[in-house]
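Chemist: Dumping the structure here so I can ask a few things about it.
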Amino acid sequence: MAILFHIDMNCFYASVEQALNPALKGKAIAVGGDPKERRGVVVTCSYEARARGVYTTMRVTEALKKCPELLMLKPNFERYRAASNAMFTILRDYTDLVEPVSIDEGYMDVTAITHGIDAVALAEEIQQRLKQELDLPCSIGIAPNKFLAKTASDMKKPFGITVLRKRQVPQILWPKPVIAMHGIGQRTAEKLATHAIQTIGDLAAATEADMKRWFGKNGVRMREKAHGIDKRAVDPTSIYDTKSVGNSTTLAENILTQRKLHEVISQLAERVANRLHAKNLAGTTISIQLRGADWKQTTRSKTLVNAIYEQADIAREAKELATKHWNGAPLRLVGVSMSHVENRQQRIEQLDLFTFTKHVPDEPVMNVMNELRDKFGQHIIVRGVRVKKSTYDAPTSFSKDFLDDHRK
């Protein structure tokens, strides 16, 4: 039987900040938004902040009301990518069968290097190495397949190790609501409810024929997972799912004005930009999703000449689409996404005759700027802005090699 680990770093961005600056440990901190202007949303927060009612995607103003002593930090994605690389380097010390699925989580197939109870000892060793060498906590799920391993890693946080066997599925998973199952969101849960499927046990009890008729191939896969079945192998050649990056929100009250719609789009654009930054991606197609109170849905897209990834650019394009295609009817759901995404360092600007002539005089300068950004980060140099030298030089418990790589 296969033995798979799912490694999930706990409060990753916040943990990286605390590791780099031990003075932040034990304090309520959050990453995201704009600390000076007190706007934007929380990307992630420490467990101390969560204990005070702060959560991911909460608006900064609301988070500060919940927790006045909350320390807001601007995201530093170069720092987080460096920590992620160090984390996956440690995992690959044990096996080449490592599959990253995001900046802060991945799967390991350890079948060939451990067995039985030794798997727990191996997980403990990996967990301790990540803590001792990088000062980063993680939770690890141990199971015979990806779905169960991912489910197990969510069961004990922070710093937990959980074994989940297929035979335990009826007892542990079936009583839970379907939305608790990894891969099922609010919209799918609502559709399942129309077929009297409220719990994971209800999903397991549904026939394969019904699930296929109602949801197609995805319905069959959902039913299999409800039985603890997942045939996907750990793929070390896989990269993050980068087909699209998006975010949507269902509003407690209908949107009735363009001002409110633009406000929501700005918040969604920030979340999308944060995810693009975390994966070092940019996209050329922007899409909006508008669902009315009557459940009628409008989806519109626009393909751009150059890839974008900054919040301001995403918000501007999304607002333009929304203004053009919203008929003023009350809205209950809004979504923003970027597709046709690619690695920012590999993207090539598609210049037509006019943009080519515009950029030719800047080419030597742009080449130097790109070299500096590749070496020191995207925000090391910008047009028309004076960048203050960072005073951030806190002591760290990261390994020397990690620090050397990070500061080069």
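Residues are named by chain letter and number: chains run A, B, ... in the order of the structure tokens, numbers start at 1 in each chain, and ligands are numbered from 1 in the order shown.
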Among region 129-212 of chain A, which residues carry a DSSP assignment of strand (DSSP E or B), reported as a PyMOL selection string?

Modeler: chain A and resi 138-143+161-163+177+199

Chemist: Hey, can you spit out that residue selection with N, CA and C atoms as a PDB file, in the first residue's frame?

Modeler:
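Generated output (again.pdb):
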ATOM      1  N   CYS A 138       4.876  23.134  10.579  1.00  0.00           N
ATOM      2  CA  CYS A 138       4.014  22.531   9.563  1.00  0.00           C
ATOM      3  C   CYS A 138       3.165  21.448  10.187  1.00  0.00           C
ATOM      4  N   SER A 139       2.101  21.074   9.473  1.00  0.00           N
ATOM      5  CA  SER A 139       1.292  19.906   9.813  1.00  0.00           C
ATOM      6  C   SER A 139       1.459  18.887   8.703  1.00  0.00           C
ATOM      7  N   ILE A 140       1.460  17.614   9.053  1.00  0.00           N
ATOM      8  CA  ILE A 140       1.677  16.558   8.071  1.00  0.00           C
ATOM      9  C   ILE A 140       0.554  15.528   8.165  1.00  0.00           C
ATOM     10  N   GLY A 141      -0.032  15.222   7.021  1.00  0.00           N
ATOM     11  CA  GLY A 141      -1.026  14.163   6.934  1.00  0.00           C
ATOM     12  C   GLY A 141      -0.404  12.929   6.312  1.00  0.00           C
ATOM     13  N   ILE A 142      -0.693  11.771   6.872  1.00  0.00           N
ATOM     14  CA  ILE A 142      -0.157  10.495   6.378  1.00  0.00           C
ATOM     15  C   ILE A 142      -1.336   9.624   5.966  1.00  0.00           C
ATOM     16  N   ALA A 143      -1.313   9.143   4.729  1.00  0.00           N
ATOM     17  CA  ALA A 143      -2.449   8.362   4.224  1.00  0.00           C
ATOM     18  C   ALA A 143      -2.036   7.599   2.974  1.00  0.00           C
ATOM     19  N   ILE A 161       0.613  15.952  13.406  1.00  0.00           N
ATOM     20  CA  ILE A 161       0.834  14.824  12.503  1.00  0.00           C
ATOM     21  C   ILE A 161      -0.357  13.893  12.663  1.00  0.00           C
ATOM     22  N   THR A 162      -1.027  13.580  11.574  1.00  0.00           N
ATOM     23  CA  THR A 162      -2.241  12.769  11.630  1.00  0.00           C
ATOM     24  C   THR A 162      -2.173  11.644  10.604  1.00  0.00           C
ATOM     25  N   VAL A 163      -2.507  10.444  11.046  1.00  0.00           N
ATOM     26  CA  VAL A 163      -2.623   9.290  10.154  1.00  0.00           C
ATOM     27  C   VAL A 163      -4.105   9.063   9.863  1.00  0.00           C
ATOM     28  N   PRO A 177     -20.258  17.706   7.103  1.00  0.00           N
ATOM     29  CA  PRO A 177     -20.980  18.296   5.965  1.00  0.00           C
ATOM     30  C   PRO A 177     -20.122  18.227   4.707  1.00  0.00           C
ATOM     31  N   THR A 199     -24.293  15.581   3.803  1.00  0.00           N
ATOM     32  CA  THR A 199     -23.070  15.127   4.468  1.00  0.00           C
ATOM     33  C   THR A 199     -22.209  14.323   3.502  1.00  0.00           C
TER      34      THR A 199
END

Chemist: Which residues come within 10 Å of Phe88 (chain A), counting only C-alpha atoms, excluding same-chain residues fewer than 3 positions away, as a ChimeraX atom specification?

Modeler: /A:7,83-85,91-93,98-100,103-106,130

Chemist: Figure out the distance between CA of Lys166 (chain A) and CA of Gln198 (chain A), please, to one decimal in Å.

Modeler: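 If I compute the distance from CA of Gln198 (chain A) to CA of Lys166 (chain A), I get 21.1 Å.
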
Chemist: Can you check which residues of region 142-242 of chain A DSSP gives as helix (DSSP H, G or I) on the backbone and send them as number ranges by chain?

Modeler: A: 146-153, 166-172, 178-180, 186-193, 200-205, 208-215, 217-226

Chemist: Quick one: distance from CA of Ala51 (chain A) to CA of Gly160 (chain A) in Å, one decimal?

Modeler: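 Separating CA of Ala51 (chain A) from CA of Gly160 (chain A) is a distance of 17.8 Å.
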
Chemist: Taking only C-alpha atoms into account, which of A:Gln168, A:Asn327, A:Thr249, A:Thr207 comes nearest Arg187 (chain A)?

Modeler: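 Selected residue with least distance to Arg187 (chain A): A:Thr249.
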